[in-house]
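Listing of work_28.pdb; format and content: PDB, C-alpha atoms and all ligand atoms.
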ATOM      1  CA  MET Z   1      13.578 -79.695 -29.632
ATOM      2  CA  ALA Z   2      14.155 -79.978 -33.373
ATOM      3  CA  LEU Z   3      10.954 -80.800 -35.183
ATOM      4  CA  PRO Z   4      10.839 -82.279 -38.674
ATOM      5  CA  LYS Z   5       9.105 -80.003 -41.163
ATOM      6  CA  LYS Z   6       7.733 -82.861 -43.265
ATOM      7  CA  ARG Z   7       6.543 -86.336 -42.453
ATOM      8  CA  THR Z   8       9.005 -88.981 -43.663
ATOM      9  CA  SER Z   9       7.539 -90.867 -46.613
ATOM     10  CA  ARG Z  10       7.075 -94.633 -46.532
ATOM     11  CA  SER Z  11       9.760 -94.867 -49.205
ATOM     12  CA  LYS Z  12      12.383 -92.852 -47.278
ATOM     13  CA  ARG Z  13      11.567 -94.638 -44.035
ATOM     14  CA  GLY Z  14      11.999 -97.969 -45.800
ATOM     15  CA  MET Z  15      15.314 -96.887 -47.336
ATOM     16  CA  ARG Z  16      16.591 -95.949 -43.864
ATOM     17  CA  ARG Z  17      15.370 -99.174 -42.303
ATOM     18  CA  SER Z  18      16.889-101.321 -45.027
ATOM     19  CA  HIS Z  19      20.133-101.254 -43.001
ATOM     20  CA  ASP Z  20      18.512-101.972 -39.617
ATOM     21  CA  ARG Z  21      18.541-105.751 -39.699
ATOM     22  CA  VAL Z  22      20.843-107.639 -37.363
ATOM     23  CA  ALA Z  23      23.535-109.475 -39.267
ATOM     24  CA  ALA Z  24      23.347-113.254 -39.044
ATOM     25  CA  PRO Z  25      26.236-114.677 -36.987
ATOM     26  CA  ASN Z  26      29.017-116.114 -39.097
ATOM     27  CA  THR Z  27      29.484-119.872 -38.856
ATOM     28  CA  VAL Z  28      32.725-121.741 -39.119
ATOM     29  CA  TYR Z  29      33.076-125.511 -39.250
ATOM     30  CA  CYS Z  30      35.112-127.190 -36.551
ATOM     31  CA  GLN Z  31      37.341-130.184 -37.208
ATOM     32  CA  CYS Z  32      34.579-132.257 -35.516
ATOM     33  CA  LYS Z  33      32.264-131.123 -38.387
ATOM     34  CA  GLU Z  34      30.177-129.003 -35.966
ATOM     35  CA  ALA Z  35      29.160-125.449 -36.901
ATOM     36  CA  THR Z  36      30.592-122.932 -34.407
ATOM     37  CA  LEU Z  37      31.184-119.192 -34.106
ATOM     38  CA  PRO Z  38      34.598-117.966 -35.272
ATOM     39  CA  HIS Z  39      37.239-117.178 -32.595
ATOM     40  CA  ARG Z  40      35.362-119.293 -30.067
ATOM     41  CA  ILE Z  41      36.067-122.663 -28.513
ATOM     42  CA  CYS Z  42      33.893-125.348 -30.114
ATOM     43  CA  SER Z  43      30.986-126.042 -27.746
ATOM     44  CA  SER Z  44      30.694-129.704 -28.709
ATOM     45  CA  CYS Z  45      34.330-130.871 -28.593
ATOM     46  CA  GLY Z  46      36.145-128.031 -26.712
ATOM     47  CA  VAL Z  47      38.841-127.539 -29.345
ATOM     48  CA  TYR Z  48      40.171-124.105 -30.310
ATOM     49  CA  LYS Z  49      42.734-123.645 -33.112
ATOM     50  CA  GLY Z  50      43.338-127.384 -33.249
ATOM     51  CA  GLU Z  51      44.151-127.499 -29.537
ATOM     52  CA  GLN Z  52      42.076-129.199 -26.815
ATOM     53  CA  ARG Z  53      41.113-126.345 -24.468
ATOM     54  CA  LEU Z  54      38.073-127.660 -22.600
ATOM     55  CA  ILE Z  55      37.167-131.103 -21.364
ATOM     56  CA  VAL Z  56      33.624-131.712 -22.625
ATOM     57  CA  ARG Z  57      31.722-134.156 -20.459
ATOM     58  CA  GLU Z  58      29.306-136.590 -22.082
ATOM     59  CA  ALA Z  59      26.334-135.170 -20.101
ATOM     60  CA  ASP Z  60      27.072-131.658 -21.406
ATOM     61  CA  ALA Z  61      27.721-132.832 -24.945
ATOM     62  CA  ALA Z  62      24.347-134.605 -25.074
ATOM     63  CA  LYS Z  63      22.443-131.369 -24.487
TER
HETATM   64 ZN    ZN V   1      34.410-129.280 -32.415
END
Now that the file is in, can you turn its structure into structure tokens?
Amino acid sequence: MALPKKRTSRSKRGMRRSHDRVAAPNTVYCQCKEATLPHRICSSCGVYKGEQRLIVREADAAK
């Protein structure tokens, strides 16, 4: 197995890990003013691209 000749410095390790974070999910605002994920049906009103795609029951919407 390949073995590193030198221990990676704190600086180099940090430089590598600077790209490791998970990107925050993008938010898009629905016509019902609710923040949702892009290219997804709105979980609070069930509308996608201005079209009603899901019937959201009151019990589910309250959660
Ligand atoms: Zn909505």
- Which chains and residue numbers are within 9 Å of ligand ZN 1 (chain V), counting all atoms listed in the file, if I want them as a list in words?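 If we count all atoms listed in the file, the neighbours of ligand ZN 1 (chain V) turn out to be Tyr29, Cys30, Gln31, Cys32, Lys33, Glu34, Ala35, Thr36, Ile41, Cys42, Ser43, Ser44, Cys45, Gly46, Val47 and Tyr48 of chain Z.
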- Z:Pro38 surroundings by only C-alpha atoms, 8 Å radius, close-in-sequence under 3 positions cut, as a list of chain:residue names: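 Surrounding residues, per the criterion: Z:Asn26, Z:Thr27, Z:Val28.
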Selected residues, C-alpha atoms, written as a compact mmCIF listing (two decimals), in the coordinates of the input, please.
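Output contents, as saved in part-v1.txt:
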# COMPACT_ATOMS: atom_id res chain seq x y z
CA ASN Z 26 29.02 -116.11 -39.10
CA THR Z 27 29.48 -119.87 -38.86
CA VAL Z 28 32.72 -121.74 -39.12
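From atom CA of Z:Leu3 back to atom CA of Z:Arg16, the distance works out to 18.3 Å.
Distance-wise, atom CA of Z:Arg40 and atom CA of Z:His19 end up 26.9 Å apart.
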